[in-house]
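Engineer: Provided herewith is a single structure, encoded as C-alpha coordinates, for subsequent inquiry.
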Amino acid sequence: MKKNFAPSVLIAAVCCVFAVPSFAATCNSTLGPITAAGPFSGSDCGNNLNYSGSAALCGGVSFSTTGTDVWQVSVGAAQNFTFSVTSAAFTPDIALLSGSCADNATCVNGTDYSTGTGTATSAAVTGNPGGTYFLVVTDSTATGAQCGAYNLTIAGTLPVKLQDFSVQ
(Lines give C-alpha, C1' and ligand atoms only; values in the text may rest on other atoms or scores of the structure.)
Protein backbone atom coordinates (compact mmCIF):
# COMPACT_ATOMS: atom_id res chain seq x y z
CA MET A 1 0.00 0.00 0.00
CA LYS A 2 1.44 3.31 -1.07
CA LYS A 3 0.93 6.32 1.24
CA ASN A 4 1.19 9.89 0.04
CA PHE A 5 1.69 12.79 2.43
CA ALA A 6 0.25 16.16 1.63
CA PRO A 7 2.92 18.89 1.27
CA SER A 8 1.45 20.82 4.23
CA VAL A 9 1.96 17.78 6.50
CA LEU A 10 5.60 17.49 5.45
CA ILE A 11 6.22 21.22 5.97
CA ALA A 12 4.64 21.10 9.44
CA ALA A 13 6.78 18.07 10.37
CA VAL A 14 9.99 19.77 9.19
CA CYS A 15 9.13 22.98 11.07
CA CYS A 16 8.57 21.05 14.29
CA VAL A 17 11.91 19.24 13.98
CA PHE A 18 13.88 22.44 13.34
CA ALA A 19 11.99 24.83 15.62
CA VAL A 20 14.19 26.74 18.02
CA PRO A 21 12.73 26.85 21.53
CA SER A 22 12.52 30.17 23.32
CA PHE A 23 14.05 30.25 26.78
CA ALA A 24 13.06 33.77 27.86
CA ALA A 25 10.06 34.19 30.12
CA THR A 26 8.10 37.34 29.31
CA CYS A 27 5.73 39.12 31.62
CA ASN A 28 2.08 38.38 31.07
CA SER A 29 0.82 41.49 32.89
CA THR A 30 2.19 44.96 33.56
CA LEU A 31 1.11 47.88 35.70
CA GLY A 32 1.22 51.50 34.61
CA PRO A 33 2.49 53.06 32.48
CA ILE A 34 4.21 55.39 34.89
CA THR A 35 4.97 58.73 33.21
CA ALA A 36 5.64 60.95 36.24
CA ALA A 37 7.20 60.70 39.67
CA GLY A 38 5.04 59.74 42.61
CA PRO A 39 4.10 57.14 45.14
CA PHE A 40 2.53 53.91 43.87
CA SER A 41 1.47 50.79 45.71
CA GLY A 42 0.86 47.21 44.79
CA SER A 43 0.87 43.58 45.81
CA ASP A 44 2.88 41.17 43.70
CA CYS A 45 1.34 37.91 44.98
CA GLY A 46 0.23 35.70 42.09
CA ASN A 47 1.40 38.08 39.37
CA ASN A 48 3.64 37.05 36.45
CA LEU A 49 4.06 33.51 37.74
CA ASN A 50 5.67 32.56 34.42
CA TYR A 51 8.82 34.24 35.85
CA SER A 52 8.63 31.92 38.88
CA GLY A 53 12.11 30.85 39.91
CA SER A 54 13.75 32.23 36.76
CA ALA A 55 17.47 32.82 37.26
CA ALA A 56 18.14 35.35 34.51
CA LEU A 57 17.15 38.68 36.12
CA CYS A 58 20.14 40.99 35.94
CA GLY A 59 22.87 38.44 35.97
CA GLY A 60 21.35 35.54 37.83
CA VAL A 61 19.08 36.87 40.57
CA SER A 62 16.03 34.61 40.86
CA PHE A 63 12.47 35.86 40.73
CA SER A 64 10.02 35.05 43.52
CA THR A 65 8.16 31.77 43.19
CA THR A 66 4.94 33.38 44.48
CA GLY A 67 4.70 36.55 42.38
CA THR A 68 6.44 39.39 40.58
CA ASP A 69 5.10 42.82 39.60
CA VAL A 70 6.28 44.63 36.50
CA TRP A 71 5.62 48.35 36.09
CA GLN A 72 5.90 49.90 32.63
CA VAL A 73 7.85 53.17 32.84
CA SER A 74 7.80 55.60 29.91
CA VAL A 75 10.67 58.10 29.91
CA GLY A 76 12.10 60.79 27.70
CA ALA A 77 15.78 61.24 26.90
CA ALA A 78 16.30 63.79 29.70
CA GLN A 79 15.19 61.51 32.56
CA ASN A 80 16.83 61.76 35.98
CA PHE A 81 15.05 59.69 38.60
CA THR A 82 15.47 57.23 41.44
CA PHE A 83 13.13 54.50 42.58
CA SER A 84 12.74 52.57 45.78
CA VAL A 85 10.44 49.88 47.14
CA THR A 86 9.56 49.18 50.76
CA SER A 87 7.61 46.24 52.12
CA ALA A 88 6.92 44.69 55.50
CA ALA A 89 5.77 41.45 53.79
CA PHE A 90 8.92 40.44 51.86
CA THR A 91 12.46 41.51 51.00
CA PRO A 92 12.12 43.52 47.78
CA ASP A 93 14.48 43.00 44.89
CA ILE A 94 14.01 45.47 42.06
CA ALA A 95 15.50 45.98 38.63
CA LEU A 96 14.97 48.26 35.68
CA LEU A 97 14.90 46.48 32.31
CA SER A 98 15.14 47.99 28.84
CA GLY A 99 14.21 46.61 25.47
CA SER A 100 11.52 44.16 26.54
CA CYS A 101 9.61 42.75 29.46
CA ALA A 102 11.56 39.48 29.49
CA ASP A 103 13.65 37.84 32.18
CA ASN A 104 16.72 38.04 29.93
CA ALA A 105 16.27 41.72 28.94
CA THR A 106 19.07 44.23 29.37
CA CYS A 107 19.39 45.62 32.88
CA VAL A 108 19.83 49.37 33.12
CA ASN A 109 23.09 49.96 35.01
CA GLY A 110 23.72 46.21 34.71
CA THR A 111 22.40 45.15 38.10
CA ASP A 112 19.41 44.62 40.32
CA TYR A 113 18.99 46.67 43.48
CA SER A 114 18.51 44.63 46.63
CA THR A 115 19.72 46.15 49.87
CA GLY A 116 18.25 43.79 52.41
CA THR A 117 15.22 43.48 54.63
CA GLY A 118 12.32 45.73 53.75
CA THR A 119 13.96 48.12 51.27
CA ALA A 120 15.46 47.95 47.83
CA THR A 121 16.82 51.18 46.36
CA SER A 122 18.30 52.06 43.01
CA ALA A 123 21.03 54.41 42.04
CA ALA A 124 19.94 57.42 40.02
CA VAL A 125 18.74 56.58 36.52
CA THR A 126 19.88 59.19 34.03
CA GLY A 127 21.11 59.58 30.49
CA ASN A 128 19.41 56.54 28.97
CA PRO A 129 17.62 56.75 25.63
CA GLY A 130 13.97 57.73 25.86
CA GLY A 131 11.52 54.89 25.57
CA THR A 132 9.71 52.18 27.49
CA TYR A 133 11.38 50.48 30.44
CA PHE A 134 10.12 47.83 32.86
CA LEU A 135 10.56 48.10 36.62
CA VAL A 136 10.51 44.64 38.22
CA VAL A 137 9.45 44.18 41.86
CA THR A 138 10.14 40.69 43.21
CA ASP A 139 11.79 38.79 46.08
CA SER A 140 14.86 36.63 45.49
CA THR A 141 15.43 35.38 49.04
CA ALA A 142 13.40 32.15 48.61
CA THR A 143 12.29 32.47 52.24
CA GLY A 144 8.99 33.43 53.80
CA ALA A 145 6.05 34.70 51.78
CA GLN A 146 8.25 36.07 48.94
CA CYS A 147 5.42 38.46 48.00
CA GLY A 148 2.92 40.88 49.43
CA ALA A 149 1.98 44.53 49.68
CA TYR A 150 4.65 47.13 48.91
CA ASN A 151 5.12 50.83 48.28
CA LEU A 152 7.00 52.07 45.21
CA THR A 153 8.40 55.59 45.17
CA ILE A 154 9.76 57.26 42.05
CA ALA A 155 11.44 60.63 42.57
CA GLY A 156 12.86 62.96 39.93
CA THR A 157 11.83 63.56 36.34
CA LEU A 158 10.66 61.16 33.64
CA PRO A 159 9.88 63.63 30.85
CA VAL A 160 7.98 61.89 28.08
CA LYS A 161 7.34 62.94 24.51
CA LEU A 162 3.88 64.40 23.80
CA GLN A 163 2.07 61.79 21.72
CA ASP A 164 -1.12 63.65 20.83
CA PHE A 165 -2.64 67.08 21.28
CA SER A 166 -6.05 68.43 20.27
CA VAL A 167 -8.29 71.37 21.01
CA GLN A 168 -12.02 70.78 20.94
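A note on labels: chains of the C-alpha coordinates are A, B, ... as shown, every chain counts residues from 1, and ligands are counted from 1 in their shown order.
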Using only C-alpha atoms, determine which residues lie at most 8 Å from Ala24 (chain A), disregarding the query and same-chain residues fewer than 5 positions distant; provide the list as a list of chain:residue names.
Structural biologist: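 Listing them by chain and then by number gives A:Ala102, A:Asp103, A:Asn104.
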Engineer: Just write the chosen residues, N, CA and C atoms, as a JSON list (two decimals), in the first residue's frame.
Structural biologist:
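To be explicit, this is the file written out as selection_29.json:
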```json
[["chain", "number", "residue", "atom", "x", "y", "z"],
["A", 102, "ALA", "N", 11.15, 40.89, 29.47],
["A", 102, "ALA", "CA", 11.56, 39.48, 29.49],
["A", 102, "ALA", "C", 12.62, 39.29, 30.56],
["A", 103, "ASP", "N", 12.70, 38.09, 31.10],
["A", 103, "ASP", "CA", 13.65, 37.84, 32.18],
["A", 103, "ASP", "C", 15.11, 37.90, 31.72],
["A", 104, "ASN", "N", 15.34, 37.91, 30.41],
["A", 104, "ASN", "CA", 16.72, 38.04, 29.93],
["A", 104, "ASN", "C", 16.96, 39.39, 29.25]]
```
Engineer: What's around region 40-54 of chain A at 8 Å? Count only C-alpha atoms, leave out sequence neighbours fewer than 2 positions away in its own chain, and write the answer as a short mmCIF file (atom, residue, chain, number, x, y, z; two decimals) with N, CA and C atoms, in the first residue's frame.
Structural biologist:
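Below you can see result_5.cif, which holds the result:
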```
data_model
loop_
_atom_site.label_atom_id
_atom_site.label_comp_id
_atom_site.auth_asym_id
_atom_site.auth_seq_id
_atom_site.Cartn_x
_atom_site.Cartn_y
_atom_site.Cartn_z
N ALA A 25 11.41 34.00 29.59
CA ALA A 25 10.06 34.19 30.12
C ALA A 25 9.72 35.67 29.95
N THR A 26 8.55 35.96 29.44
CA THR A 26 8.10 37.34 29.31
C THR A 26 6.94 37.58 30.26
N CYS A 27 6.81 38.83 30.68
CA CYS A 27 5.73 39.12 31.62
C CYS A 27 4.39 38.97 30.92
N ASN A 28 3.41 38.51 31.66
CA ASN A 28 2.08 38.38 31.07
C ASN A 28 1.13 39.46 31.58
N SER A 29 1.61 40.33 32.46
CA SER A 29 0.82 41.49 32.89
C SER A 29 1.76 42.58 33.38
N GLY A 38 6.12 59.83 41.64
CA GLY A 38 5.04 59.74 42.61
C GLY A 38 5.08 58.47 43.40
N ALA A 56 17.47 34.51 35.49
CA ALA A 56 18.14 35.35 34.51
C ALA A 56 18.04 36.84 34.81
N LEU A 57 17.31 37.25 35.84
CA LEU A 57 17.15 38.68 36.12
C LEU A 57 18.49 39.30 36.48
N SER A 62 17.29 35.32 41.09
CA SER A 62 16.03 34.61 40.86
C SER A 62 14.83 35.47 41.17
N PHE A 63 13.74 35.23 40.44
CA PHE A 63 12.47 35.86 40.73
C PHE A 63 11.79 35.08 41.84
N SER A 64 10.84 35.72 42.51
CA SER A 64 10.02 35.05 43.52
C SER A 64 9.25 33.90 42.89
N THR A 65 8.99 32.87 43.68
CA THR A 65 8.16 31.77 43.19
C THR A 65 6.68 32.01 43.45
N THR A 66 6.34 33.11 44.15
CA THR A 66 4.94 33.38 44.48
C THR A 66 4.39 34.63 43.82
N GLY A 67 5.21 35.39 43.10
CA GLY A 67 4.70 36.55 42.38
C GLY A 67 5.73 37.63 42.13
N THR A 68 5.55 38.32 41.00
CA THR A 68 6.44 39.39 40.58
C THR A 68 5.60 40.46 39.89
N ASP A 69 5.76 41.72 40.30
CA ASP A 69 5.10 42.82 39.60
C ASP A 69 6.06 43.44 38.61
N ASP A 103 12.70 38.09 31.10
CA ASP A 103 13.65 37.84 32.18
C ASP A 103 15.11 37.90 31.72
N VAL A 137 9.51 44.26 40.40
CA VAL A 137 9.45 44.18 41.86
C VAL A 137 9.24 42.71 42.20
N THR A 138 10.22 42.11 42.87
CA THR A 138 10.14 40.69 43.21
C THR A 138 10.88 40.45 44.52
N CYS A 147 6.28 37.50 48.70
CA CYS A 147 5.42 38.46 48.00
C CYS A 147 4.54 39.15 49.02
N GLY A 148 3.84 40.18 48.57
CA GLY A 148 2.92 40.88 49.43
C GLY A 148 2.78 42.32 49.04
N ALA A 149 2.19 43.10 49.93
CA ALA A 149 1.98 44.53 49.68
C ALA A 149 3.31 45.27 49.74
N TYR A 150 3.43 46.31 48.92
CA TYR A 150 4.65 47.13 48.91
C TYR A 150 4.30 48.54 48.48
N ASN A 151 5.23 49.45 48.74
CA ASN A 151 5.12 50.83 48.28
C ASN A 151 6.30 51.13 47.36
N LEU A 152 6.00 51.67 46.20
CA LEU A 152 7.00 52.07 45.21
C LEU A 152 7.04 53.58 45.17
N THR A 153 8.23 54.15 45.27
CA THR A 153 8.40 55.59 45.17
C THR A 153 9.35 55.89 44.02
#
```
Engineer: Excluding Thr82 (chain A) and residues on its chain fewer than 6 positions from it, collect all residues at most 6 Å away from it, counting only C-alpha atoms, and give them as a ChimeraX atom specification.
Structural biologist: /A:124-125,154-155
Engineer: Using Å and a single decimal, report how far CA of Ser87 (chain A) sits from CA of Val70 (chain A).
Structural biologist: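 The value is 15.8 Å.
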Engineer: Please list as a list in words every residue within 6 Å of region 128-130 of chain A, counting only C-alpha atoms and excluding residues in the same chain fewer than 4 positions away.
Structural biologist: Val75, Gly76 and Ala77 of chain A
Engineer: Got time to write the residues from that selection, N, CA and C atoms, as a short mmCIF file (atom, residue, chain, number, x, y, z; two decimals), in the first residue's frame?
Structural biologist:
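Output file part18.cif is given in full below:
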```
data_model
loop_
_atom_site.label_atom_id
_atom_site.label_comp_id
_atom_site.auth_asym_id
_atom_site.auth_seq_id
_atom_site.Cartn_x
_atom_site.Cartn_y
_atom_site.Cartn_z
N VAL A 75 9.80 56.97 29.62
CA VAL A 75 10.67 58.10 29.91
C VAL A 75 11.15 58.77 28.64
N GLY A 76 11.47 60.04 28.77
CA GLY A 76 12.10 60.79 27.70
C GLY A 76 13.61 60.72 27.85
N ALA A 77 14.32 61.32 26.91
CA ALA A 77 15.78 61.24 26.90
C ALA A 77 16.43 62.02 28.04
#
```
Engineer: In Å to one decimal, how far is CA of Gly131 (chain A) from CA of Ala105 (chain A)?
Structural biologist: 14.4 Å
Engineer: So how many Å separate CA of Thr143 (chain A) and CA of Leu31 (chain A), to one decimal?
Structural biologist: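 These atoms are spaced 25.2 Å apart.
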Engineer: Using only C-alpha atoms, pick whichever of A:Gly127, A:Gly144, A:Gly156, A:Pro39 has the shortest atom-to-atom distance to Ala88 (chain A).
Structural biologist: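 Under the stated criterion, the closest residue is A:Gly144.
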Engineer: Near Gln72 (chain A), counting only C-alpha atoms, which residues have an atom at most 9 Å away, once you skip same-chain residues fewer than 5 positions from it, shown as a PDB file with N, CA and C atoms, in the first residue's frame?
Structural biologist:
```pdb
ATOM      1  N   THR A  30       1.407  43.822  33.073  1.00  0.00           N
ATOM      2  CA  THR A  30       2.190  44.960  33.557  1.00  0.00           C
ATOM      3  C   THR A  30       1.252  45.962  34.210  1.00  0.00           C
ATOM      4  N   LEU A  31       1.813  46.784  35.060  1.00  0.00           N
ATOM      5  CA  LEU A  31       1.105  47.881  35.703  1.00  0.00           C
ATOM      6  C   LEU A  31       1.588  49.173  35.058  1.00  0.00           C
ATOM      7  N   GLY A  32       0.812  50.222  35.173  1.00  0.00           N
ATOM      8  CA  GLY A  32       1.221  51.503  34.607  1.00  0.00           C
ATOM      9  C   GLY A  32       0.549  51.756  33.268  1.00  0.00           C
ATOM     10  N   PRO A  33       1.113  52.565  32.420  1.00  0.00           N
ATOM     11  CA  PRO A  33       2.485  53.063  32.481  1.00  0.00           C
ATOM     12  C   PRO A  33       2.648  54.227  33.457  1.00  0.00           C
ATOM     13  N   ILE A  34       3.826  54.277  34.032  1.00  0.00           N
ATOM     14  CA  ILE A  34       4.206  55.391  34.890  1.00  0.00           C
ATOM     15  C   ILE A  34       4.879  56.420  33.997  1.00  0.00           C
ATOM     16  N   THR A  35       4.393  57.665  34.034  1.00  0.00           N
ATOM     17  CA  THR A  35       4.973  58.726  33.213  1.00  0.00           C
ATOM     18  C   THR A  35       5.446  59.913  34.042  1.00  0.00           C
ATOM     19  N   CYS A 101      10.033  43.226  28.140  1.00  0.00           N
ATOM     20  CA  CYS A 101       9.611  42.755  29.455  1.00  0.00           C
ATOM     21  C   CYS A 101       9.884  41.255  29.527  1.00  0.00           C
ATOM     22  N   THR A 132      10.447  52.964  26.502  1.00  0.00           N
ATOM     23  CA  THR A 132       9.708  52.185  27.492  1.00  0.00           C
ATOM     24  C   THR A 132      10.659  51.276  28.245  1.00  0.00           C
ATOM     25  N   TYR A 133      10.574  51.318  29.560  1.00  0.00           N
ATOM     26  CA  TYR A 133      11.375  50.478  30.441  1.00  0.00           C
ATOM     27  C   TYR A 133      10.417  49.683  31.319  1.00  0.00           C
ATOM     28  N   PHE A 134      10.948  48.673  32.001  1.00  0.00           N
ATOM     29  CA  PHE A 134      10.124  47.829  32.857  1.00  0.00           C
ATOM     30  C   PHE A 134      10.786  47.707  34.216  1.00  0.00           C
ATOM     31  N   LEU A 135      10.069  48.138  35.251  1.00  0.00           N
ATOM     32  CA  LEU A 135      10.557  48.102  36.625  1.00  0.00           C
ATOM     33  C   LEU A 135      10.002  46.839  37.282  1.00  0.00           C
ATOM     34  N   VAL A 136      10.886  45.926  37.653  1.00  0.00           N
ATOM     35  CA  VAL A 136      10.510  44.636  38.216  1.00  0.00           C
ATOM     36  C   VAL A 136      10.572  44.711  39.731  1.00  0.00           C
TER      37      VAL A 136
END
```
